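**Q** What follows is protein.txt, made up of compact mmCIF, C-alpha atoms and all ligand atoms:
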# COMPACT_ATOMS: atom_id res chain seq x y z
CA MET N 870 19.18 -37.23 -186.02
CA LYS N 871 20.87 -34.24 -184.53
CA SER N 872 23.47 -33.89 -187.27
CA LEU N 873 20.89 -33.10 -189.95
CA PRO N 874 21.18 -31.04 -192.05
CA TYR N 875 24.62 -32.46 -192.78
CA PHE N 876 26.92 -30.79 -195.33
CA CYS N 877 29.68 -32.65 -197.11
CA ARG N 878 31.51 -32.75 -200.38
CA GLY N 879 34.03 -34.93 -202.16
CA GLU N 880 35.26 -36.22 -205.48
CA VAL N 881 32.96 -38.51 -207.48
CA ILE N 882 34.59 -41.93 -207.80
CA ARG N 883 33.63 -45.09 -209.70
CA GLY N 884 31.35 -47.69 -208.11
CA PHE N 885 30.20 -51.03 -209.50
CA GLY N 886 28.54 -49.44 -212.53
CA ARG N 887 25.15 -50.98 -211.66
CA GLY N 888 23.22 -47.74 -211.12
CA SER N 889 22.93 -46.75 -214.78
CA LYS N 890 23.05 -50.21 -216.32
CA GLU N 891 20.90 -52.36 -214.02
CA LEU N 892 18.68 -49.86 -212.29
CA GLY N 893 18.48 -47.04 -214.83
CA ILE N 894 19.18 -44.74 -211.86
CA PRO N 895 22.82 -43.55 -211.80
CA THR N 896 24.31 -42.94 -208.37
CA ALA N 897 27.49 -40.93 -207.85
CA ASN N 898 29.77 -42.54 -205.24
CA PHE N 899 31.84 -40.70 -202.60
CA PRO N 900 35.28 -41.97 -201.58
CA ASP N 901 35.92 -43.73 -198.26
CA SER N 902 37.25 -40.59 -196.62
CA VAL N 903 33.84 -38.93 -196.93
CA VAL N 904 31.99 -42.08 -195.86
CA ASP N 905 34.26 -42.54 -192.83
CA ASN N 906 33.69 -38.91 -191.76
CA LEU N 907 29.95 -39.34 -191.27
CA PRO N 908 28.82 -38.51 -187.74
CA ALA N 909 27.74 -41.50 -185.67
CA ASP N 910 24.08 -40.51 -185.62
CA ILE N 911 23.79 -40.50 -189.41
CA GLY N 912 23.17 -44.19 -189.76
CA THR N 913 22.63 -46.31 -192.83
CA GLY N 914 19.47 -45.69 -194.82
CA ILE N 915 17.96 -43.54 -197.51
CA TYR N 916 18.14 -39.73 -197.23
CA TYR N 917 17.02 -36.75 -199.29
CA GLY N 918 18.59 -33.36 -199.75
CA TRP N 919 20.29 -31.02 -202.21
CA ALA N 920 23.30 -31.62 -204.44
CA CYS N 921 25.51 -29.65 -206.78
CA VAL N 922 28.19 -30.89 -209.18
CA GLY N 923 31.23 -28.58 -209.34
CA ASN N 924 29.85 -25.07 -209.22
CA GLY N 925 26.77 -25.93 -211.26
CA ASP N 926 23.12 -25.63 -210.29
CA VAL N 927 21.73 -27.11 -207.10
CA TYR N 928 19.29 -29.99 -207.60
CA LYS N 929 17.21 -32.24 -205.37
CA MET N 930 18.85 -35.54 -204.56
CA VAL N 931 18.33 -38.88 -202.83
CA MET N 932 21.20 -40.73 -201.21
CA SER N 933 21.69 -44.28 -200.06
CA ILE N 934 24.11 -44.80 -197.18
CA GLY N 935 25.13 -48.34 -196.30
CA TRP N 936 25.93 -51.74 -197.67
CA ASN N 937 23.24 -52.10 -200.37
CA PRO N 938 21.75 -55.29 -198.85
CA TYR N 939 20.20 -56.24 -202.19
CA TYR N 940 23.72 -56.56 -203.62
CA LYS N 941 25.32 -57.62 -200.30
CA ASN N 942 28.18 -55.13 -200.65
CA THR N 943 31.04 -55.62 -198.22
CA LYS N 944 31.98 -51.95 -198.11
CA LYS N 945 29.81 -49.11 -196.84
CA SER N 946 29.06 -46.50 -199.51
CA MET N 947 27.36 -43.13 -199.94
CA GLU N 948 25.59 -43.03 -203.31
CA THR N 949 23.82 -39.94 -204.55
CA HIS N 950 21.24 -39.86 -207.27
CA VAL N 951 20.88 -36.26 -208.41
CA ILE N 952 17.32 -35.63 -209.57
CA HIS N 953 18.35 -34.11 -212.88
CA THR N 954 19.33 -35.42 -216.30
CA PHE N 955 22.99 -34.65 -217.00
CA LYS N 956 24.37 -34.68 -220.53
CA GLU N 957 27.40 -36.70 -219.45
CA ASP N 958 29.11 -38.46 -216.55
CA PHE N 959 30.91 -36.37 -213.95
CA TYR N 960 33.50 -38.72 -212.46
CA GLY N 961 36.35 -36.73 -210.87
CA GLU N 962 34.15 -33.68 -210.25
CA ILE N 963 33.41 -32.37 -206.77
CA LEU N 964 29.93 -33.27 -205.59
CA SER N 965 28.59 -31.07 -202.77
CA VAL N 966 25.56 -32.30 -200.87
CA VAL N 967 23.45 -31.41 -197.89
CA LEU N 968 21.53 -34.26 -196.30
CA VAL N 969 18.26 -32.81 -195.13
CA GLY N 970 16.08 -35.70 -194.00
CA TYR N 971 15.76 -39.43 -193.62
CA ILE N 972 13.32 -41.53 -195.66
CA ARG N 973 13.71 -45.20 -194.70
CA PRO N 974 16.18 -47.98 -193.90
CA GLU N 975 18.00 -49.87 -196.66
CA ARG N 976 16.26 -53.13 -197.55
CA SER N 977 16.99 -56.27 -199.47
CA TYR N 978 14.26 -56.69 -202.05
CA ASN N 979 12.98 -59.89 -203.72
CA SER N 980 13.55 -58.54 -207.20
CA LEU N 981 15.36 -55.83 -209.08
CA GLU N 982 11.97 -54.38 -210.06
CA ALA N 983 11.02 -54.01 -206.38
CA LEU N 984 14.32 -52.21 -205.64
CA ILE N 985 13.79 -49.87 -208.61
CA ALA N 986 10.19 -49.16 -207.52
CA ALA N 987 11.38 -48.36 -203.99
CA ILE N 988 14.06 -45.97 -205.28
CA ASN N 989 11.56 -44.25 -207.58
CA SER N 990 9.19 -43.84 -204.65
CA ASP N 991 12.06 -42.28 -202.62
CA ILE N 992 12.66 -39.87 -205.49
CA GLU N 993 8.98 -38.85 -205.54
CA GLU N 994 8.99 -38.35 -201.78
CA ALA N 995 12.14 -36.21 -201.96
CA LYS N 996 10.71 -34.08 -204.76
CA VAL N 997 7.65 -33.18 -202.70
CA THR N 998 9.22 -32.89 -199.25
CA LEU N 999 12.06 -30.65 -200.41
CA GLU N 1000 9.48 -28.03 -201.41
CA LEU N 1001 8.97 -27.22 -197.71
CA PRO N 1002 10.20 -23.65 -197.10
CA GLU N 1003 12.83 -24.62 -194.55
CA HIS N 1004 14.29 -27.15 -196.99
CA LEU N 1005 14.24 -24.67 -199.87
CA LYS N 1006 16.36 -22.34 -197.71
CA LEU N 1007 19.15 -24.92 -197.66
CA ARG N 1008 19.23 -25.05 -201.47
CA ASP N 1009 20.28 -21.39 -201.42
CA ASP N 1010 22.96 -21.90 -198.76
CA ASN N 1011 26.40 -20.31 -199.27
CA PHE N 1012 27.83 -23.80 -199.03
CA PHE N 1013 26.82 -24.40 -202.63
CA THR N 1014 27.99 -21.05 -203.99
CA SER N 1015 31.46 -21.69 -202.55
CA ALA N 1016 31.76 -25.13 -204.16
CA PRO N 1017 35.13 -25.87 -205.80
CA SER N 1018 34.68 -27.17 -209.34
CA SER N 1019 37.32 -29.91 -209.36
CA SER N 1020 39.30 -32.07 -206.99
CA SER N 1021 42.45 -30.16 -207.92
CA ALA N 1022 40.93 -27.15 -206.14
CA LEU N 1023 41.05 -29.10 -202.89
CA PRO N 1024 44.28 -29.57 -200.92
CA PRO N 1025 45.83 -33.03 -201.50
CA ASN N 1026 44.99 -34.37 -198.06
CA THR N 1027 41.38 -33.22 -198.15
CA ALA N 1028 40.55 -33.83 -201.80
CA SER N 1029 37.92 -36.38 -200.93
CA THR N 1030 36.73 -35.38 -197.52
CA SER N 1031 33.94 -33.18 -196.28
CA GLN N 1032 36.45 -30.34 -195.78
CA THR N 1033 36.04 -27.28 -197.91
CA ILE N 1034 37.74 -24.00 -198.74
CA ILE N 1035 36.38 -20.51 -198.31
CA ASN N 1036 38.25 -17.79 -200.20
CA GLY N 1037 41.41 -19.83 -200.25
CA ASP N 1038 41.48 -20.13 -196.44
CA LEU N 1039 42.21 -23.83 -196.00
CA SER N 1040 41.71 -23.68 -192.24
CA ALA N 1041 38.04 -22.77 -192.60
CA PRO N 1042 36.01 -25.96 -192.76
CA LEU N 1043 32.77 -24.43 -193.96
CA ALA N 1044 31.00 -27.75 -194.07
CA GLU N 1045 31.77 -28.38 -190.40
CA GLU N 1046 30.79 -24.84 -189.48
CA LEU N 1047 27.45 -25.30 -191.17
CA ASN N 1048 26.89 -28.63 -189.48
CA CYS N 1049 27.51 -27.04 -186.06
CA PHE N 1050 25.36 -24.05 -186.92
CA PHE N 1051 22.36 -26.14 -187.82
CA ALA N 1052 22.80 -28.45 -184.82
CA ARG N 1053 23.07 -25.55 -182.38
CA PHE N 1054 19.58 -25.89 -180.91
CA GLU N 1055 19.67 -29.62 -180.48
CA THR N 1056 20.71 -29.88 -176.83
CA SER N 1057 18.06 -27.73 -175.16
CA GLN N 1058 15.30 -27.50 -177.67
CA GLN N 1059 12.53 -26.42 -175.37
CA HIS N 1060 14.37 -23.27 -174.26
CA HIS N 1061 16.11 -22.25 -177.44
CA SER N 1062 13.84 -23.37 -180.21
CA SER N 1063 13.65 -20.99 -183.16
CA ALA N 1064 9.94 -21.78 -183.51
CA PRO N 1065 7.58 -18.98 -182.48
CA VAL N 1066 6.44 -19.18 -178.85
CA LEU N 1067 2.73 -19.98 -178.80
CA PRO N 1068 0.44 -18.70 -176.05
CA PRO N 1069 -0.66 -21.40 -173.59
CA SER N 1070 -3.84 -23.19 -174.66
CA PRO N 1071 -6.99 -22.19 -172.80
CA PRO N 1072 -8.15 -24.65 -170.14
CA GLY N 1073 -10.03 -27.61 -171.55
CA SER N 1074 -8.73 -27.07 -175.07
CA CYS N 1075 -7.08 -29.75 -177.15
CA THR N 1076 -3.40 -30.06 -176.38
CA THR N 1077 -2.69 -33.38 -178.09
CA PRO N 1078 -0.22 -32.76 -180.92
CA LEU N 1079 -1.99 -33.57 -184.15
CA THR N 1080 -0.56 -36.35 -186.29
CA VAL N 1081 -2.21 -38.28 -189.07
CA ARG N 1082 -2.02 -42.05 -189.43
CA GLU N 1083 -1.00 -43.79 -192.62
CA HIS N 1084 -4.18 -45.83 -192.52
CA ASP N 1085 -6.39 -42.70 -192.42
CA VAL N 1086 -4.39 -41.05 -195.19
CA GLY N 1087 -4.92 -44.14 -197.35
CA ARG N 1088 -8.64 -44.04 -196.62
CA VAL N 1089 -8.97 -40.36 -197.56
CA LEU N 1090 -6.90 -40.80 -200.73
CA LEU N 1091 -9.14 -43.65 -201.81
CA ALA N 1092 -12.29 -41.67 -201.07
CA VAL N 1093 -11.46 -38.85 -203.48
CA ASN N 1094 -13.60 -38.75 -206.59
CA PRO N 1095 -11.12 -38.81 -209.49
CA ARG N 1096 -13.74 -37.36 -211.83
CA LYS N 1097 -14.00 -34.15 -209.82
CA ALA N 1098 -12.01 -31.19 -211.13
CA ALA N 1099 -8.52 -31.21 -209.70
CA GLY N 1100 -6.59 -28.05 -208.94
CA PRO N 1101 -2.88 -27.59 -209.64
CA ARG N 1102 -0.39 -30.41 -209.04
CA ARG N 1103 -2.60 -32.83 -210.91
CA SER N 1104 0.44 -35.01 -211.48
CA THR N 1105 1.12 -35.28 -207.72
CA TRP N 1106 -2.48 -36.30 -207.34
CA GLN N 1107 -2.29 -38.83 -210.15
CA GLY N 1108 0.82 -40.22 -208.47
CA ALA N 1109 -1.11 -40.45 -205.21
CA GLN N 1110 -3.86 -42.33 -206.93
CA GLY N 1111 -1.51 -45.23 -207.21
CA VAL N 1112 -2.53 -45.86 -203.61
CA ARG N 1113 -2.47 -49.55 -204.28
CA SER N 1114 1.27 -49.04 -204.04
CA PRO N 1115 1.84 -49.15 -200.27
CA ALA N 1116 4.42 -46.33 -200.43
CA ARG N 1117 1.84 -43.64 -201.27
CA PRO N 1118 -0.18 -43.28 -198.04
CA HIS N 1119 3.10 -43.70 -196.18
CA THR N 1120 4.70 -40.88 -198.18
CA PHE N 1121 1.79 -38.49 -197.81
CA ALA N 1122 1.39 -39.29 -194.11
CA ARG N 1123 5.04 -38.33 -193.63
CA ILE N 1124 4.59 -35.07 -195.53
CA PHE N 1125 1.39 -34.16 -193.67
CA ASN N 1126 2.95 -34.92 -190.30
CA LEU N 1127 5.96 -32.82 -191.19
CA CYS N 1128 3.64 -29.92 -192.08
CA LEU N 1129 1.73 -30.35 -188.80
CA ALA N 1130 4.84 -30.64 -186.65
CA GLN N 1131 6.32 -27.50 -188.14
CA ALA N 1132 3.05 -25.61 -188.61
CA VAL N 1133 3.99 -24.92 -192.22
CA ILE N 1134 2.09 -25.60 -195.42
CA PRO N 1135 4.42 -25.57 -198.43
CA PRO N 1136 3.39 -23.00 -201.05
CA PHE N 1137 2.86 -25.62 -203.74
CA LEU N 1138 0.01 -27.10 -201.66
CA LYS N 1139 -1.60 -23.70 -201.25
CA SER N 1140 -1.65 -22.65 -204.89
CA ALA N 1141 -5.01 -22.83 -206.65
CA THR N 1142 -6.39 -22.89 -210.16
CA ILE N 1143 -9.09 -20.27 -210.54
CA ILE N 1144 -11.96 -21.38 -212.77
CA PRO N 1145 -14.61 -18.82 -213.85
CA VAL N 1146 -18.06 -20.39 -213.43
CA LEU N 1147 -21.00 -18.70 -215.09
CA LYS N 1148 -23.43 -17.17 -212.55
CA LYS N 1149 -26.02 -15.89 -215.00
CA SER N 1150 -26.44 -15.47 -218.69
CA PRO N 1151 -26.40 -13.56 -220.95
CA ILE N 1152 -22.88 -12.53 -220.06
CA THR N 1153 -22.62 -8.77 -219.79
CA SER N 1154 -19.52 -8.37 -217.63
CA LEU N 1155 -16.92 -10.35 -215.76
CA ASN N 1156 -19.13 -10.05 -212.70
CA ASP N 1157 -21.41 -12.62 -214.29
CA TYR N 1158 -18.78 -15.21 -213.46
CA ARG N 1159 -18.04 -16.59 -210.03
CA PRO N 1160 -14.33 -17.38 -209.53
CA VAL N 1161 -13.98 -20.85 -208.05
CA ALA N 1162 -10.60 -21.74 -206.59
CA LEU N 1163 -9.60 -25.37 -207.09
CA THR N 1164 -6.95 -26.28 -204.57
CA PRO N 1165 -4.69 -29.31 -205.10
CA VAL N 1166 -6.47 -32.58 -204.36
CA ILE N 1167 -3.71 -33.59 -201.97
CA MET N 1168 -4.39 -30.43 -199.95
CA LYS N 1169 -8.08 -31.30 -199.87
CA CYS N 1170 -7.21 -34.72 -198.47
CA PHE N 1171 -5.00 -33.07 -195.86
CA GLU N 1172 -7.79 -30.62 -194.93
CA ARG N 1173 -10.23 -33.50 -194.60
CA LEU N 1174 -7.95 -35.23 -192.11
CA VAL N 1175 -7.47 -32.07 -190.05
CA LEU N 1176 -11.20 -31.31 -190.17
CA GLN N 1177 -11.94 -34.74 -188.72
CA HIS N 1178 -9.53 -34.01 -185.89
CA ILE N 1179 -11.18 -30.64 -185.19
CA LYS N 1180 -14.63 -32.24 -185.17
CA ASP N 1181 -13.48 -34.81 -182.64
CA TYR N 1182 -12.75 -31.98 -180.21
CA LEU N 1183 -15.92 -29.95 -180.68
CA PRO N 1184 -18.17 -29.75 -177.64
CA PRO N 1185 -21.51 -31.55 -178.04
CA ASP N 1186 -23.34 -28.33 -177.16
CA LEU N 1187 -21.81 -26.34 -180.00
CA TYR N 1188 -23.93 -23.28 -180.74
CA PRO N 1189 -26.54 -24.52 -183.25
CA TYR N 1190 -26.25 -21.52 -185.55
CA GLN N 1191 -22.53 -21.86 -185.93
CA PHE N 1192 -22.10 -23.21 -189.44
CA THR N 1193 -18.48 -24.05 -189.68
CA TYR N 1194 -17.72 -27.62 -188.55
CA HIS N 1195 -21.43 -28.49 -188.37
CA ALA N 1196 -22.63 -31.39 -190.47
CA ASN N 1197 -25.44 -30.73 -192.99
CA ARG N 1198 -25.04 -26.96 -192.95
CA SER N 1199 -25.03 -25.63 -196.49
CA THR N 1200 -24.55 -22.13 -197.80
CA ASP N 1201 -28.28 -22.15 -198.65
CA ALA N 1202 -29.19 -22.91 -195.04
CA ASN N 1203 -26.89 -20.13 -193.95
CA ASN N 1204 -28.55 -17.68 -196.37
CA ASN N 1205 -32.04 -18.69 -195.17
CA ILE N 1206 -31.09 -17.98 -191.60
CA MET N 1207 -29.56 -14.64 -192.47
CA LEU N 1208 -32.71 -13.70 -194.40
CA SER N 1209 -34.92 -14.79 -191.50
CA ILE N 1210 -32.90 -12.72 -189.08
CA GLN N 1211 -32.94 -9.79 -191.41
CA SER N 1212 -36.73 -9.95 -191.94
CA SER N 1213 -37.49 -10.26 -188.23
CA ARG N 1214 -35.33 -7.17 -187.64
CA THR N 1215 -37.06 -5.33 -190.47
CA PHE N 1216 -40.34 -5.91 -188.67
CA SER N 1217 -38.75 -3.89 -185.88
CA SER N 1218 -38.21 -6.61 -183.37
CA PRO N 1219 -35.20 -5.66 -181.28
CA ASN N 1220 -35.16 -9.15 -179.87
CA TRP N 1221 -33.06 -11.52 -181.95
CA SER N 1222 -34.52 -14.53 -180.23
CA LEU N 1223 -37.86 -13.78 -181.97
CA SER N 1224 -36.31 -15.01 -185.17
CA ALA N 1225 -35.71 -18.41 -183.65
CA PRO N 1226 -38.98 -20.01 -184.85
CA ALA N 1227 -38.13 -19.03 -188.40
CA ILE N 1228 -34.90 -20.93 -188.25
CA SER N 1229 -35.94 -23.83 -186.13
CA HIS N 1230 -35.92 -26.09 -189.19
CA VAL N 1231 -32.15 -25.88 -189.47
CA PRO N 1232 -30.75 -29.40 -189.01
CA ARG N 1233 -28.57 -29.89 -185.95
C1 LIG N 1301 17.32 -43.55 -203.21
C2 LIG N 1301 18.08 -44.85 -203.18
C3 LIG N 1301 17.59 -45.91 -202.45
C4 LIG N 1301 18.27 -47.12 -202.41
N1 LIG N 1301 17.77 -48.14 -201.65
C5 LIG N 1301 18.42 -49.30 -201.61
C6 LIG N 1301 17.92 -50.38 -200.83
O1 LIG N 1301 16.91 -50.29 -200.15
N2 LIG N 1301 18.60 -51.55 -200.84
C7 LIG N 1301 19.75 -51.71 -201.58
O2 LIG N 1301 20.32 -52.80 -201.56
N3 LIG N 1301 20.26 -50.71 -202.30
C8 LIG N 1301 19.64 -49.50 -202.34
N4 LIG N 1301 20.14 -48.46 -203.07
C9 LIG N 1301 21.48 -48.57 -203.63
C10 LIG N 1301 21.50 -49.12 -205.02
O3 LIG N 1301 21.41 -50.52 -204.94
C11 LIG N 1301 22.83 -48.66 -205.58
O4 LIG N 1301 22.78 -47.30 -205.80
C12 LIG N 1301 23.15 -49.42 -206.83
O5 LIG N 1301 23.56 -50.69 -206.45
C13 LIG N 1301 24.21 -48.77 -207.68
O6 LIG N 1301 25.43 -48.91 -207.11
P1 LIG N 1301 26.76 -48.48 -207.87
O7 LIG N 1301 26.72 -46.94 -207.99
O8 LIG N 1301 27.89 -48.93 -207.00
O9 LIG N 1301 26.76 -49.10 -209.20
C14 LIG N 1301 19.50 -47.27 -203.13
C15 LIG N 1301 19.98 -46.20 -203.88
C16 LIG N 1301 19.30 -44.99 -203.93
C17 LIG N 1301 19.83 -43.84 -204.72
N1 LIG N 1302 21.54 -37.81 -212.23
C1 LIG N 1302 22.71 -38.41 -211.88
N2 LIG N 1302 22.96 -38.69 -210.59
C2 LIG N 1302 24.12 -39.30 -210.24
N3 LIG N 1302 25.09 -39.62 -211.13
C3 LIG N 1302 24.90 -39.37 -212.44
C4 LIG N 1302 23.69 -38.74 -212.87
N4 LIG N 1302 23.75 -38.59 -214.21
C5 LIG N 1302 24.93 -39.08 -214.61
N5 LIG N 1302 25.65 -39.55 -213.55
C6 LIG N 1302 26.97 -40.16 -213.65
O1 LIG N 1302 26.77 -41.54 -213.49
C7 LIG N 1302 27.67 -42.07 -212.52
C8 LIG N 1302 27.01 -43.16 -211.74
O2 LIG N 1302 26.58 -44.19 -212.58
P1 LIG N 1302 26.56 -45.67 -212.04
O3 LIG N 1302 26.09 -46.53 -213.14
O4 LIG N 1302 25.83 -45.71 -210.74
O5 LIG N 1302 28.09 -45.98 -211.86
P2 LIG N 1302 29.03 -46.11 -210.59
O6 LIG N 1302 28.75 -47.43 -210.02
O7 LIG N 1302 30.40 -45.96 -211.20
O8 LIG N 1302 28.73 -45.02 -209.65
C9 LIG N 1302 28.04 -40.89 -211.65
O9 LIG N 1302 29.32 -41.04 -211.08
C10 LIG N 1302 27.97 -39.72 -212.61
O10 LIG N 1302 29.23 -39.52 -213.23
Could I get this file's structure written as structure tokens?
Ligand SMILES: Cc1cc2nc3c(=O)[nH]c(=O)nc-3n(C[C@H](O)[C@H](O)[C@H](O)COP(=O)(O)O)c2cc1C
Ligand SMILES: Nc1ncnc2c1ncn2[C@@H]1O[C@H](COP(=O)(O)OP(=O)(O)O)[C@@H](O)[C@H]1O

**A**
Amino acid sequence: MKSLPYFCRGEVIRGFGRGSKELGIPTANFPDSVVDNLPADIGTGIYYGWACVGNGDVYKMVMSIGWNPYYKNTKKSMETHVIHTFKEDFYGEILSVVLVGYIRPERSYNSLEALIAAINSDIEEAKVTLELPEHLKLRDDNFFTSAPSSSSALPPNTASTSQTIINGDLSAPLAEELNCFFARFETSQQHHSSAPVLPPSPPGSCTTPLTVREHDVGRVLLAVNPRKAAGPRRSTWQGAQGVRSPARPHTFARIFNLCLAQAVIPPFLKSATIIPVLKKSPITSLNDYRPVALTPVIMKCFERLVLQHIKDYLPPDLYPYQFTYHANRSTDANNNIMLSIQSSRTFSSPNWSLSAPAISHVPR
């Protein structure tokens, strides 16, 4: 979708009143003029992004664009659920949004409960995905700081369109400018990409772009021992444990593939909880503790998937004393080898190969 991220704003109008009452998920509706202005490549479906009411704070949001097949609407709508609890309704206010990414197509569900579950899963996906650094940048975009607070601040003929005003200059359509700015690399991506240029891979190395499959993500999620200490983001992990819900592996596969495609790991996946584990007692100083970093379980699952990929590409004749990526190599085995090498050197052998018998028991 070359028009993403897509910036637009308009007055919040009334819909059918089902969002709050039937679904428990209020959705602010845009007027036709905003809906009709959507670029052709932003099709119907569910999107995530950022939203701001008037000139308030910017929050994560999910948006449904289309005909709500469950309700068989006859008119296309753009409905935004802002992921925040507001004290009161904001009909008549200006809602500014940036659509950042696409989640899924609209579907007609068999029950209201299934529709609600799908929307809640979209919300969870948006919450996590929007933490990616390049998405966080859009939250801080000038577009939001220049938001008019009410429809009366917009000229009469643009009150409900994606037009906007910068410093009173009505001819400056900031939203459009931003849309063009972010779409500027779309036509010739390979020559003008903003991504860093990587050196060519050495001959014989793996050049297949790494992606993870939903099925494998599901398998790894299921394999995690829930009794093992979890690092930060325990709640994300507990959410992921509902893997019986088919949306979970799908959601995490999407997030992992996004990270791999962009070579970015969002900071929230890299944070760790440091636990001091006693090395020896009695405790005389802090040095008697070993700091153990517990990374988020979701990150461990991701690492496991990438590790499997790396292993698939290792040559069969990998140097036997290389420990990383070798099965059955523990820290103890590593220490034994180091000690063996050290002792054979102490007995003044300049030849490292002499230490080989001492380490021949290391499993391959
Ligand atoms: C994230 C999200 C996902 C949605 N997915 C669907 C969907 O798959 N099928 C559907 O019929 N409606 C979907 N909707 C639209 C809701 O049915 C709609 O917001 C609800 O009918 C409230 O409409 P109202 O604001 O006009 O009262 C979705 C809405 C949101 C916010
Ligand atoms: N978090 C929120 N996201 C979207 N709208 C909200 C939110 N909290 C309150 N609202 C209010 O609820 C309205 C949407 O409620 P809803 O029941 O879907 O009615 P409607 O069909 O009129 O849009 C919005 O127009 C807004 O004024």

**Q** Would you mind telling me which residue in N:Thr896, N:Thr954, N:Ser889, N:Asn942 lies nearest to N:Tyr928 when using only C-alpha atoms?

**A**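 Smallest separation from N:Tyr928 among the options: N:Thr954.
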
**Q** Check which residues fall inside 9 Å of ligand LIG 1301 (chain N) when counting all atoms listed in the file, and print them as a PyMOL selection string.

**A** chain N and resi 883-892+894-898+914-917+930-942+946-951+972-978+984-985+987-992

**Q** Taking all atoms of ligand LIG 1302 (chain N) that the file lists and extending 4 Å past them on each side, where is the centre of the axis-aligned box and how long are its edges? Answer in Å to one decimal, as lines of an AutoDock Vina configuration file.

**A**
center_x = 26.0
center_y = -42.6
center_z = -212.1
size_x = 16.9
size_y = 17.6
size_z = 13.0

**Q** Pick the closest to ligand LIG 1302 (chain N) from N:Ser980, N:Asn1156, N:Thr998, N:Ser965: which is it, counting only C-alpha atoms and all ligand atoms?

**A**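 Answer, going by the shortest atom-to-atom distance: N:Ser965.
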
**Q** Have a look at atom CA of N:Ile952 and atom CA of N:Gly925 and let me know their distance in Å, one decimal.

**A**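 Separation between atom CA of N:Ile952 and atom CA of N:Gly925: 13.6 Å.
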
**Q** Of the candidates N:Val904, N:Ile1152, N:Ala1162, N:Ala1122, which shows the shortest atom-to-atom distance to N:Ser1140, using only C-alpha atoms?

**A** N:Ala1162

**Q** Please, what distance in Å, to one decimal, runs between atom CA of N:Arg878 and atom CA of N:Leu964?

**A** 5.5 Å

**Q** Could you check how far atom CA of N:Lys956 sits from atom CA of N:Leu999, in Å to one decimal?

**A**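 These two atoms are separated by 23.9 Å.
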